[in-house]
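Structure file data_38.cif with mmCIF, C-alpha atoms:
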```
data_query
loop_
_atom_site.label_atom_id
_atom_site.label_comp_id
_atom_site.auth_asym_id
_atom_site.auth_seq_id
_atom_site.Cartn_x
_atom_site.Cartn_y
_atom_site.Cartn_z
CA MET A 134 -13.13 -14.79 49.35
CA GLN A 135 -12.18 -14.13 52.96
CA LEU A 136 -10.38 -10.95 51.90
CA ARG A 137 -13.56 -9.66 50.25
CA LEU A 138 -15.52 -10.35 53.40
CA TRP A 139 -13.02 -8.45 55.54
CA LEU A 140 -13.06 -5.52 53.12
CA SER A 141 -16.85 -5.32 53.07
CA LEU A 142 -17.03 -4.90 56.86
CA PRO A 143 -15.22 -1.50 57.07
CA ILE A 144 -17.06 -0.30 53.95
CA GLY A 145 -20.39 -1.17 55.58
CA ALA A 146 -19.35 0.60 58.78
CA LEU A 147 -18.41 3.72 56.81
CA ALA A 148 -21.77 3.67 55.05
CA LEU A 149 -23.54 3.54 58.41
CA ILE A 150 -21.48 6.46 59.73
CA ALA A 151 -22.18 8.52 56.59
CA TRP A 152 -25.94 7.86 56.70
CA PRO A 153 -26.86 10.96 58.80
CA ALA A 154 -24.80 13.17 56.48
CA VAL A 155 -26.94 12.30 53.48
CA SER A 156 -30.22 12.88 55.33
CA TYR A 157 -31.86 16.06 54.02
CA ALA A 158 -32.10 19.41 55.75
CA SER A 159 -35.52 20.47 56.96
CA VAL A 160 -37.21 23.63 58.13
CA GLY A 161 -39.83 23.65 60.85
CA VAL A 162 -41.59 26.10 63.13
CA GLY A 163 -43.87 25.43 66.08
CA VAL A 164 -46.07 27.65 68.20
CA GLN A 165 -48.09 27.08 71.35
CA ALA A 166 -51.47 25.51 70.66
CA ALA A 167 -53.15 27.45 73.48
CA PRO A 168 -54.66 30.72 72.25
CA VAL A 169 -53.09 34.04 73.18
CA ARG A 170 -55.76 35.68 75.35
CA LEU A 171 -55.80 38.97 77.22
CA ASP A 172 -56.68 38.63 80.90
CA GLY A 173 -59.72 40.82 81.41
CA VAL A 174 -60.99 43.31 78.86
CA ALA A 175 -59.27 46.07 76.94
CA HIS A 176 -60.42 49.67 76.66
CA PRO A 177 -59.91 52.16 73.84
CA GLY A 178 -56.71 54.09 74.35
CA GLY A 179 -55.14 51.41 76.55
CA GLN A 180 -51.91 49.45 76.34
CA TYR A 181 -51.78 45.87 77.57
CA ALA A 182 -49.14 43.18 77.89
CA LEU A 183 -50.36 39.95 76.29
CA PRO A 184 -49.06 36.59 77.52
CA PRO A 185 -45.76 35.80 75.77
CA VAL A 186 -46.12 33.38 72.88
CA TYR A 187 -44.02 30.20 72.84
CA VAL A 188 -42.19 29.39 69.59
CA VAL A 189 -39.87 26.51 68.75
CA ASN A 190 -37.63 25.52 65.86
CA THR A 191 -38.61 21.99 64.80
CA GLY A 192 -36.32 21.81 61.75
CA THR A 193 -32.64 21.11 61.32
CA GLU A 194 -31.75 24.62 60.07
CA THR A 195 -31.24 27.67 62.26
CA GLU A 196 -34.31 29.90 62.09
CA SER A 197 -35.04 33.52 62.76
CA ILE A 198 -38.66 33.53 63.88
CA ALA A 199 -40.79 36.65 63.59
CA ILE A 200 -44.34 37.24 64.78
CA THR A 201 -47.10 38.65 62.59
CA VAL A 202 -50.85 38.96 63.05
CA GLU A 203 -53.13 37.65 60.30
CA ARG A 204 -56.68 36.35 60.05
CA ILE A 205 -56.25 32.89 58.58
CA SER A 206 -58.14 30.43 60.78
CA PRO A 207 -61.92 30.28 61.21
CA GLY A 208 -63.38 32.12 64.18
CA THR A 209 -65.86 34.82 65.12
CA GLY A 210 -65.17 38.41 65.95
CA ARG A 211 -63.62 41.48 64.41
CA SER A 212 -60.22 41.04 62.78
CA VAL A 213 -57.33 42.45 64.81
CA PRO A 214 -55.56 45.20 62.86
CA PRO A 215 -51.92 44.04 62.68
CA GLY A 216 -50.71 47.44 63.90
CA TRP A 217 -52.35 46.86 67.28
CA ILE A 218 -49.96 44.04 68.17
CA THR A 219 -46.24 44.56 68.55
CA ALA A 220 -43.67 41.98 69.51
CA SER A 221 -41.55 43.43 72.31
CA SER A 222 -38.41 41.88 70.88
CA PRO A 223 -36.85 41.58 67.42
CA PRO A 224 -37.08 38.23 65.58
CA VAL A 225 -35.50 35.51 67.69
CA GLN A 226 -32.69 33.35 66.33
CA LEU A 227 -33.25 29.72 67.21
CA SER A 228 -31.08 26.75 66.39
CA ARG A 229 -32.42 23.21 66.11
CA ALA A 230 -34.94 22.31 68.87
CA GLN A 231 -34.45 25.66 70.61
CA SER A 232 -37.48 27.56 71.87
CA ALA A 233 -38.31 31.03 73.12
CA ARG A 234 -41.15 33.08 74.55
CA ILE A 235 -41.85 36.29 72.67
CA PRO A 236 -43.63 39.04 74.64
CA LEU A 237 -46.48 40.79 72.83
CA GLN A 238 -48.09 44.14 73.48
CA LEU A 239 -51.62 45.19 72.55
CA THR A 240 -52.23 48.88 71.86
CA VAL A 241 -55.90 49.74 71.41
CA PRO A 242 -56.51 53.06 69.63
CA ARG A 243 -58.97 55.53 71.17
CA THR A 244 -61.22 55.06 68.14
CA ALA A 245 -61.41 51.26 68.48
CA ALA A 246 -64.89 49.78 68.12
CA PRO A 247 -66.05 47.72 71.09
CA GLY A 248 -66.55 44.00 70.63
CA ARG A 249 -64.79 40.69 70.45
CA TYR A 250 -61.61 40.56 68.37
CA PHE A 251 -60.15 37.46 66.79
CA SER A 252 -57.13 36.77 64.56
CA ASP A 253 -54.06 34.54 64.48
CA VAL A 254 -50.59 35.05 65.87
CA VAL A 255 -48.37 33.63 63.13
CA ALA A 256 -44.78 32.58 63.85
CA LYS A 257 -42.87 32.75 60.57
CA GLY A 258 -39.48 31.21 60.01
CA SER A 259 -36.90 33.00 57.92
CA ALA A 260 -35.10 29.85 56.86
CA SER A 261 -36.12 27.99 53.77
CA VAL A 262 -35.00 24.88 52.02
CA SER A 263 -34.62 24.93 48.29
CA ALA A 264 -36.46 22.76 45.83
CA GLY A 265 -34.82 23.81 42.60
CA GLY A 266 -35.74 27.46 42.16
CA ALA A 267 -38.53 27.23 44.71
CA ARG A 268 -37.91 28.04 48.33
CA LEU A 269 -40.02 26.09 50.80
CA GLY A 270 -40.88 27.88 54.01
CA VAL A 271 -42.88 27.25 57.15
CA ALA A 272 -45.04 29.12 59.64
CA ALA A 273 -47.37 28.14 62.47
CA ALA A 274 -50.43 29.91 63.84
CA THR A 275 -52.36 30.10 67.06
CA ASP A 276 -55.50 32.05 67.95
CA LEU A 277 -55.42 35.60 69.32
CA GLU A 278 -58.50 36.69 71.28
CA PHE A 279 -59.53 39.70 73.33
CA THR A 280 -62.53 41.92 73.97
CA VAL A 281 -62.72 45.71 73.82
CA THR A 282 -65.35 47.40 75.98
CA PRO A 283 -66.13 51.13 76.20
CA GLY A 284 -64.62 53.03 79.10
CA ALA A 285 -61.43 54.64 80.22
CA ALA A 286 -58.22 52.70 79.89
CA SER A 287 -56.84 51.48 83.21
CA GLY A 288 -53.89 53.80 82.74
CA GLY A 289 -55.98 56.51 84.51
CA TRP A 290 -55.72 60.28 84.06
CA PHE A 291 -51.96 60.37 84.37
CA SER A 292 -49.61 58.84 81.87
CA ALA A 293 -45.91 59.48 81.56
CA PRO A 294 -42.87 57.89 79.96
CA GLY A 295 -41.22 55.04 81.85
CA TRP A 296 -38.18 57.10 82.98
CA VAL A 297 -40.27 59.67 84.87
CA LEU A 298 -41.02 57.54 87.96
CA PRO A 299 -37.36 56.55 88.71
CA TYR A 300 -36.30 60.16 88.12
CA VAL A 301 -38.88 61.54 90.57
CA LEU A 302 -37.94 58.89 93.15
CA GLY A 303 -34.26 59.82 92.78
CA VAL A 304 -35.01 63.51 93.36
CA VAL A 305 -37.08 62.68 96.45
CA VAL A 306 -34.30 60.48 97.90
CA VAL A 307 -31.62 63.15 97.31
CA GLY A 308 -33.89 65.82 98.88
CA ALA A 309 -34.58 63.64 101.91
CA LEU A 310 -30.84 63.03 102.39
CA ALA A 311 -30.12 66.77 102.19
CA VAL A 312 -32.81 67.57 104.77
CA GLY A 313 -31.57 64.77 107.05
CA VAL A 314 -27.96 65.97 106.90
CA ARG A 315 -29.04 69.56 107.60
CA ARG A 316 -31.13 68.61 110.61
CA SER A 317 -28.45 66.33 112.07
CA GLY A 318 -26.12 69.28 112.52
CA VAL A 319 -23.35 67.71 110.50
CA ARG A 320 -21.67 70.35 108.34
CA ILE A 321 -19.73 69.56 105.24
CA ARG A 322 -17.50 72.37 104.07
CA VAL A 323 -16.06 72.28 100.62
CA GLU A 324 -12.99 74.45 100.09
CA ARG A 325 -10.79 75.02 97.13
CA VAL A 326 -7.06 75.42 97.62
CA PRO A 327 -5.88 78.20 95.31
CA ALA A 328 -2.93 77.28 93.14
CA SER A 329 0.03 79.46 94.14
CA THR A 330 3.18 80.06 92.14
CA GLY A 331 6.70 80.40 93.49
CA PRO A 332 9.21 83.18 92.87
CA GLY A 333 10.59 81.57 89.75
CA GLY A 334 7.22 81.20 88.25
CA LYS A 335 7.21 77.54 89.34
CA ARG A 336 4.30 76.08 91.16
CA ASN A 337 4.73 75.14 94.77
CA HIS A 338 3.70 71.60 95.28
CA VAL A 339 2.42 70.52 98.62
CA ALA A 340 3.46 67.01 99.51
CA MET B 133 -21.22 11.71 134.58
CA SER B 134 -20.99 14.63 136.96
CA ARG B 135 -23.99 15.91 138.85
CA ARG B 136 -23.92 19.17 136.94
CA ALA B 137 -24.04 17.38 133.60
CA ARG B 138 -26.98 15.27 134.73
CA VAL B 139 -28.84 18.39 135.80
CA LEU B 140 -28.42 19.80 132.29
CA LEU B 141 -29.15 16.54 130.45
CA VAL B 142 -32.43 15.63 132.15
CA PRO B 143 -34.37 18.78 131.14
CA LEU B 144 -32.95 18.52 127.61
CA LEU B 145 -34.21 14.94 127.19
CA LEU B 146 -37.57 15.91 128.63
CA ALA B 147 -37.84 18.79 126.17
CA LEU B 148 -37.04 16.53 123.23
CA ALA B 149 -39.59 13.99 124.34
CA GLY B 150 -42.15 16.76 124.68
CA CYS B 151 -41.53 17.96 121.16
CA GLY B 152 -42.23 14.51 119.79
CA THR B 153 -45.39 14.20 121.81
CA ALA B 154 -46.63 17.59 120.66
CA ALA B 155 -45.92 16.77 117.03
CA ALA B 156 -47.72 13.46 117.29
CA ALA B 157 -50.67 15.15 118.94
CA GLN B 158 -50.87 17.77 116.19
CA GLN B 159 -50.74 15.15 113.42
CA ALA B 160 -53.44 13.19 115.11
CA ALA B 161 -55.55 16.34 115.17
CA GLY B 162 -55.54 16.46 111.31
CA ARG B 163 -52.40 18.35 110.34
CA SER B 164 -52.10 18.58 106.53
CA GLY B 165 -49.49 16.47 104.77
CA SER B 166 -48.37 16.46 101.17
CA ILE B 167 -46.96 14.09 98.61
CA SER B 168 -45.39 14.90 95.26
CA LEU B 169 -46.78 13.32 92.13
CA SER B 170 -45.46 13.73 88.63
CA LEU B 171 -47.77 14.01 85.65
CA THR B 172 -47.03 13.80 81.96
CA THR B 173 -49.21 15.52 79.37
CA VAL B 174 -49.48 15.21 75.62
CA PRO B 175 -47.56 17.88 73.64
CA THR B 176 -49.46 21.09 72.95
CA ILE B 177 -47.36 22.56 70.16
CA ARG B 178 -48.65 23.23 66.67
CA SER B 179 -45.85 22.74 64.16
CA VAL B 180 -44.94 21.59 60.67
CA THR B 181 -41.63 20.49 59.20
CA ILE B 182 -40.69 20.51 55.53
CA SER B 183 -37.95 18.55 53.83
CA PRO B 184 -37.36 18.98 50.11
CA GLY B 185 -35.46 15.79 49.42
CA GLN B 186 -33.71 16.10 46.07
CA ALA B 187 -36.39 18.38 44.67
CA SER B 188 -35.71 20.73 41.78
CA PHE B 189 -37.62 22.21 38.85
CA THR B 190 -37.12 19.87 35.91
CA HIS B 191 -38.95 18.48 32.90
CA CYS B 192 -39.79 22.00 31.71
CA THR B 193 -42.01 22.10 28.65
CA GLY B 194 -43.89 24.65 26.53
CA GLY B 195 -42.88 27.98 25.07
CA ASP B 196 -42.45 29.15 21.51
CA GLY B 197 -39.84 27.35 19.46
CA GLY B 198 -40.29 29.78 16.57
CA ALA B 199 -39.14 32.64 18.79
CA ASN B 200 -36.36 30.62 20.41
CA THR B 201 -38.09 30.84 23.77
CA ARG B 202 -39.03 27.18 24.08
CA SER B 203 -38.36 25.57 27.47
CA THR B 204 -35.34 23.36 27.94
CA SER B 205 -35.26 20.55 30.47
CA ARG B 206 -34.34 22.84 33.39
CA LYS B 207 -35.24 26.29 32.03
CA LEU B 208 -38.71 27.80 31.80
CA GLY B 209 -39.77 29.04 28.39
CA PHE B 210 -42.21 31.71 27.19
CA PRO B 211 -45.10 32.00 26.76
CA ASN B 212 -46.53 29.90 29.57
CA GLY B 213 -43.82 27.29 29.85
CA SER B 214 -44.17 24.92 32.78
CA CYS B 215 -41.66 23.21 35.08
CA TRP B 216 -42.13 20.43 37.60
CA VAL B 217 -40.83 19.51 41.05
CA GLY B 218 -41.67 15.83 40.99
CA SER B 219 -44.30 14.45 38.65
CA SER B 220 -47.98 13.70 39.03
CA VAL B 221 -47.72 11.40 36.02
CA SER B 222 -44.97 9.15 37.34
CA GLY B 223 -46.08 9.56 40.96
CA SER B 224 -42.97 11.37 42.16
CA TYR B 225 -43.57 13.63 45.18
CA PRO B 226 -40.20 14.85 46.50
CA ILE B 227 -41.36 17.42 49.09
CA THR B 228 -42.09 15.92 52.50
CA VAL B 229 -44.54 17.82 54.68
CA GLN B 230 -44.93 16.48 58.21
CA ASN B 231 -47.30 17.67 60.89
CA THR B 232 -44.93 17.52 63.86
CA GLY B 233 -47.44 19.05 66.29
CA ILE B 234 -51.01 18.48 67.39
CA GLY B 235 -53.87 17.92 64.94
CA SER B 236 -54.19 21.00 62.71
CA ASN B 237 -55.41 22.19 59.36
CA ILE B 238 -52.46 22.60 57.01
CA LEU B 239 -52.61 25.73 54.86
CA ILE B 240 -50.44 26.51 51.86
CA SER B 241 -49.56 29.86 50.26
CA GLY B 242 -47.16 31.27 47.70
CA SER B 243 -45.24 34.50 47.23
CA SER B 244 -44.63 36.60 44.18
CA ALA B 245 -41.69 35.47 42.05
CA ASP B 246 -38.75 37.80 42.52
CA PRO B 247 -36.00 38.26 39.94
CA ALA B 248 -32.35 38.16 40.97
CA ASP B 249 -31.82 41.69 39.60
CA GLY B 250 -34.45 43.14 41.97
CA GLY B 251 -36.71 44.22 39.12
CA ASP B 252 -40.42 43.63 38.47
CA SER B 253 -41.90 40.56 40.15
CA TRP B 254 -44.36 38.04 38.72
CA ASN B 255 -47.63 37.95 40.66
CA LEU B 256 -49.22 34.69 41.69
CA CYS B 257 -52.55 34.06 39.95
CA ASN B 258 -55.11 31.34 40.43
CA ALA B 259 -58.61 30.30 39.45
CA GLY B 260 -61.55 30.89 41.79
CA GLY B 261 -61.93 30.67 45.54
CA ALA B 262 -61.33 33.27 48.21
CA GLY B 263 -58.44 35.61 47.63
CA ALA B 264 -58.21 34.65 43.98
CA VAL B 265 -56.23 36.76 41.54
CA ALA B 266 -57.46 35.87 38.06
CA CYS B 267 -54.96 34.69 35.47
CA THR B 268 -55.36 37.08 32.57
CA GLY B 269 -53.76 35.04 29.77
CA ASN B 270 -55.41 33.01 27.02
CA GLY B 271 -57.39 30.03 28.29
CA ARG B 272 -57.04 31.24 31.90
CA LYS B 273 -53.30 30.80 31.73
CA PRO B 274 -51.04 33.32 33.48
CA GLY B 275 -50.88 36.67 31.70
CA PRO B 276 -47.90 39.02 31.45
CA ASP B 277 -45.86 39.03 34.70
CA GLN B 278 -48.13 36.41 36.24
CA TYR B 279 -47.41 32.84 37.22
CA LYS B 280 -49.34 29.96 38.68
CA VAL B 281 -48.34 27.09 41.00
CA LEU B 282 -50.27 23.83 41.24
CA ASN B 283 -49.44 21.37 44.01
CA PHE B 284 -50.13 17.68 43.84
CA SER B 285 -49.83 14.55 45.95
CA SER B 286 -51.09 11.01 45.78
CA TRP B 287 -54.48 12.49 46.72
CA GLY B 288 -54.69 14.52 43.49
CA THR B 289 -53.77 17.89 41.96
CA TRP B 290 -55.07 21.30 43.07
CA HIS B 291 -55.77 22.71 39.60
CA ARG B 292 -57.03 26.09 40.83
CA GLY B 293 -53.56 26.98 41.98
CA ILE B 294 -51.95 28.17 45.20
CA SER B 295 -53.04 31.58 46.51
CA GLY B 296 -51.03 34.44 47.95
CA THR B 297 -52.95 34.11 51.21
CA PRO B 298 -52.80 30.84 53.17
CA ARG B 299 -55.56 28.46 52.07
CA CYS B 300 -56.38 24.85 52.92
CA ASP B 301 -53.86 22.52 51.24
CA GLN B 302 -56.48 20.54 49.33
CA VAL B 303 -54.12 17.69 48.45
CA PHE B 304 -53.02 17.03 52.02
CA GLY B 305 -55.73 14.44 52.55
CA PRO B 306 -58.62 12.68 50.82
CA SER B 307 -61.61 14.63 49.43
CA GLY B 308 -59.86 17.99 49.60
CA SER B 309 -59.29 17.76 53.34
CA CYS B 310 -56.30 19.55 54.83
CA TRP B 311 -56.74 18.08 58.31
CA ALA B 312 -53.57 16.45 59.60
CA VAL B 313 -53.29 14.36 62.73
CA GLN B 314 -50.08 14.43 64.78
CA GLY B 315 -47.17 12.87 62.93
CA MET B 316 -48.99 12.71 59.58
CA VAL B 317 -46.61 12.82 56.62
CA VAL B 318 -47.65 13.78 53.09
CA THR B 319 -45.32 14.03 50.12
CA GLU B 320 -46.09 16.62 47.48
CA GLY B 321 -44.86 17.99 44.19
CA LEU B 322 -45.26 21.33 42.40
CA GLU B 323 -45.99 22.47 38.87
CA LEU B 324 -45.11 26.06 37.98
CA ILE B 325 -46.69 27.67 34.92
CA GLY B 326 -44.83 30.78 33.84
CA PRO B 327 -46.07 34.09 32.45
CA GLN B 328 -47.17 34.95 28.94
CA TRP B 329 -44.16 37.21 28.89
CA SER B 330 -41.92 38.87 31.44
CA SER B 331 -41.17 42.59 31.81
CA ASP B 332 -37.96 41.77 33.65
CA THR B 333 -35.18 40.15 31.66
CA SER B 334 -33.62 38.30 34.59
CA THR B 335 -33.06 34.57 34.07
CA ASN B 336 -32.99 33.72 37.81
CA TRP B 337 -36.18 33.88 39.81
CA THR B 338 -37.14 32.90 43.34
CA VAL B 339 -40.55 31.78 44.53
CA THR B 340 -41.47 30.78 48.07
CA ILE B 341 -44.12 28.24 49.00
CA THR B 342 -45.11 28.20 52.69
CA TRP B 343 -47.02 25.61 54.70
CA THR B 344 -48.79 26.80 57.88
CA PRO B 345 -50.64 24.67 60.46
CA VAL B 346 -53.61 26.50 62.01
CA PRO B 347 -56.12 25.62 64.73
CA GLY B 348 -58.88 23.29 63.64
CA ARG B 349 -60.79 20.18 64.57
CA GLN B 350 -61.39 16.90 62.83
CA ASN B 351 -64.90 16.88 61.30
#
```
Could you write out this file's structure as structure tokens?
Amino acid sequence: MQLRLWLSLPIGALALIAWPAVSYASVGVGVQAAPVRLDGVAHPGGQYALPPVYVVNTGTETESIAITVERISPGTGRSVPPGWITASSPPVQLSRAQSARIPLQLTVPRTAAPGRYFSDVVAKGSASVSAGGARLGVAAATDLEFTVTPGAASGGWFSAPGWVLPYVLGVVVVGALAVGVRRSGVRIRVERVPASTGPGGKRNHVA
Amino acid sequence: MSRRARVLLVPLLLALAGCGTAAAAQQAAGRSGSISLSLTTVPTIRSVTISPGQASFTHCTGGDGGANTRSTSRKLGFPNGSCWVGSSVSGSYPITVQNTGIGSNILISGSSADPADGGDSWNLCNAGGAGAVACTGNGRKPGPDQYKVLNFSSWGTWHRGISGTPRCDQVFGPSGSCWAVQGMVVTEGLELIGPQWSSDTSTNWTVTITWTPVPGRQN
């Protein structure tokens, strides 16, 4: 009898240790509840950085979370064409309880109609858990809101690719250095020593 | 202490005393002070977590025995065989859906069924409502290359079928409500009704059912 009692103790302890292993995997995605709103108004032809959207993996499986734009929750305003919103980074890989902020960019075409726009930013998880042949997936949505008013985009009359400004600054700095050196009277002479050959056709090396 | 040291020490002490006096005078005149306070807020994340338990498609029925395409217990038959994850009859709901974020409406949607060989998919069909794709078979059953998914819970069965676009999960709460407060857990099951016939001959198919919490308010 006593032997049985002593045997049951380690078996019970093993069962307790194994308990987490038999708990089932889960998938979960979270997104910030606060809506994604553009500060100020947008103008046709403009590009705007939206506040980054917070996403979190609430499941036990590693997720790759991607952002899409859909109209799925009730609200007023024109639907945001999905092509207007681009995530500035590829889908983020998040392990359990990890979170990230995904930057979003709004590009308003020149032909955009003025008015209030409303849709949902949807964070979709790539992971799924299987229920037989069915895969069960998750997503989470938060509102996306902005207003387009007529007028010129704040970009102004001049627009250029991002590399132009550093390039121009570099040229200006090099030019200023050249002018400064010239005015200071310092002279830098660059000479090339011609390679000469010896009588035997061998090169003379200068130590 | 030497005389020289005393000469140096006296002005130093006077200066220190002066500093203290000046500081006290300034404070008395209403100089701003600050204290640090910590504040805790409620979570502001909208999220849902799904756990399938030991769910799998079983108890398949239907099909045509005369054509040797009748369902077996774990294989879907044609035409219009049906398979179950859980059972609305015995009250088995193996899929756990938990609202792990703030109060939200829980939407549900389905994908097309994709064969393992990458061939022609089955399209999701349903009866009525926004975004409906009519089932073209006899008696409003799925037609060729169509399939239908019903979800059920202890609150009932959504007989119209899941849509391809996210719609309110009508069995998440009582009276067709899909409102979920924080921490609310609902267990669900699925019934899949297969097509009248399939263009693709694959015997392995994948369907995806997705739950999505969206902004909303309790009515």
Take the PyMOL selection byres ((chain A and resi 246) around 8), apply it to the structure above, and return the hits as a list in words.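 Going through the file, the PyMOL selection byres ((chain A and resi 246) around 8) ends up selecting Pro177, Thr244, Ala245, Pro247, Gly248 and Val281 of chain A.
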Contacts from chain B to chain A, 6 Å maximum, all atoms listed in the file: show me the residue list as a PyMOL selection string. chain B and resi 176-185+187-189+338-346
Report the residues retrieved by the PyMOL selection byres ((chain B and resi 276) around 8) from the displayed file, expressed as a list in words. Thr268, Gly269, Pro274, Gly275, Asp277, Gln278, Pro327, Gln328, Trp329, Ser330 and Ser331 of chain B
Please provide the set of residues having any atom within 10 Å of Ala182 of chain A, restricted to all atoms listed in the file, with same-chain residues fewer than 2 positions apart removed, written as a PyMOL selection string. chain A and resi 171-172+180+184-185+218-219+221+236-240
Would you kindly return, as a list of chain:residue names, each protein, DNA or RNA residue with an atom no farther than 9 Å from any atom of Gly251 of chain B, considering only C-alpha atoms and excluding same-chain residues fewer than 6 positions away?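 The neighbour list is B:Ser331, B:Asp332, B:Thr333, B:Ser334.
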For atom CA of Pro175 of chain B and atom CA of Gly315 of chain B, determine how far apart the two atoms are, in Å to one decimal place.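 Between atom CA of Pro175 of chain B and atom CA of Gly315 of chain B the gap is 11.8 Å.
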Run the PyMOL selection byres ((chain B and resi 245) around 7) against the file shown and list the residues it catches, as a PyMOL selection string. chain B and resi 243-244+246-247+253-255+337-339
Separation of atom CA of Gln302 of chain B and atom CA of Cys215 of chain B, in Å? 20.7 Å
State, in Å with one decimal place, the distance from atom CA of Thr172 of chain B to atom CA of Ile238 of chain B.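 Interatomic distance here is 27.0 Å.
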Nearest to Ile240 of chain B, restricted to all atoms listed in the file and choosing among B:Leu282, B:Cys300, B:Val313, B:Val318, comes out as B:Cys300
Shell of 12 Å around Asn200 of chain B, only C-alpha atoms, local chain residues under 6 positions omitted, as a list in words: Gly194, Leu208, Gly209, Phe210 and Pro211 of chain B
Which one is closest to Ser220 of chain B: B:Gly260, B:Lys273, B:Arg299, B:His191? Count all atoms listed in the file.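 The closest residue to Ser220 of chain B is B:His191.
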What's around Ser212 of chain A at 8 Å? Count all atoms listed in the file, leave out sequence neighbours fewer than 6 positions away in its own chain, and write the answer as a PDB file with C-alpha atoms, keeping the file's coordinate frame.
```pdb
ATOM      1  CA  ARG A 204     -56.680  36.350  60.050  1.00  0.00           C
ATOM      2  CA  TYR A 250     -61.610  40.560  68.370  1.00  0.00           C
ATOM      3  CA  PHE A 251     -60.150  37.460  66.790  1.00  0.00           C
ATOM      4  CA  SER A 252     -57.130  36.770  64.560  1.00  0.00           C
TER       5      SER A 252
END
```
List the neighbours of Phe304 of chain B out to 9 Å using only C-alpha atoms; skip same-chain residues closer than 2 positions along the sequence, and give me the result as an mmCIF file with C-alpha atoms, in the coordinates of the input.
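Produced file result-v2.cif, reproduced below:
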```cif
data_model
loop_
_atom_site.group_PDB
_atom_site.id
_atom_site.type_symbol
_atom_site.label_atom_id
_atom_site.label_comp_id
_atom_site.auth_asym_id
_atom_site.auth_seq_id
_atom_site.Cartn_x
_atom_site.Cartn_y
_atom_site.Cartn_z
ATOM 1 C CA VAL B 229 -44.540 17.820 54.680
ATOM 2 C CA ILE B 238 -52.460 22.600 57.010
ATOM 3 C CA PHE B 284 -50.130 17.680 43.840
ATOM 4 C CA SER B 285 -49.830 14.550 45.950
ATOM 5 C CA SER B 286 -51.090 11.010 45.780
ATOM 6 C CA TRP B 287 -54.480 12.490 46.720
ATOM 7 C CA CYS B 300 -56.380 24.850 52.920
ATOM 8 C CA ASP B 301 -53.860 22.520 51.240
ATOM 9 C CA GLN B 302 -56.480 20.540 49.330
ATOM 10 C CA PRO B 306 -58.620 12.680 50.820
ATOM 11 C CA GLY B 308 -59.860 17.990 49.600
ATOM 12 C CA SER B 309 -59.290 17.760 53.340
ATOM 13 C CA CYS B 310 -56.300 19.550 54.830
ATOM 14 C CA TRP B 311 -56.740 18.080 58.310
ATOM 15 C CA ALA B 312 -53.570 16.450 59.600
ATOM 16 C CA VAL B 317 -46.610 12.820 56.620
ATOM 17 C CA VAL B 318 -47.650 13.780 53.090
ATOM 18 C CA THR B 319 -45.320 14.030 50.120
ATOM 19 C CA GLU B 320 -46.090 16.620 47.480
#
```
Determine, counting only C-alpha atoms, every residue of protein, DNA or RNA that lies within 8 Å of (-38.4, 33.8, 65.2) in the file coordinates, then give the result as a compact mmCIF listing (two decimals) with C-alpha atoms, in the frame of the given file.
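Just written: result_35.txt:
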```txt
# COMPACT_ATOMS: atom_id res chain seq x y z
CA VAL A 188 -42.19 29.39 69.59
CA GLU A 196 -34.31 29.90 62.09
CA SER A 197 -35.04 33.52 62.76
CA ILE A 198 -38.66 33.53 63.88
CA ALA A 199 -40.79 36.65 63.59
CA ILE A 200 -44.34 37.24 64.78
CA PRO A 224 -37.08 38.23 65.58
CA VAL A 225 -35.50 35.51 67.69
CA GLN A 226 -32.69 33.35 66.33
CA LEU A 227 -33.25 29.72 67.21
CA ALA A 256 -44.78 32.58 63.85
CA LYS A 257 -42.87 32.75 60.57
CA GLY A 258 -39.48 31.21 60.01
CA SER A 259 -36.90 33.00 57.92
```
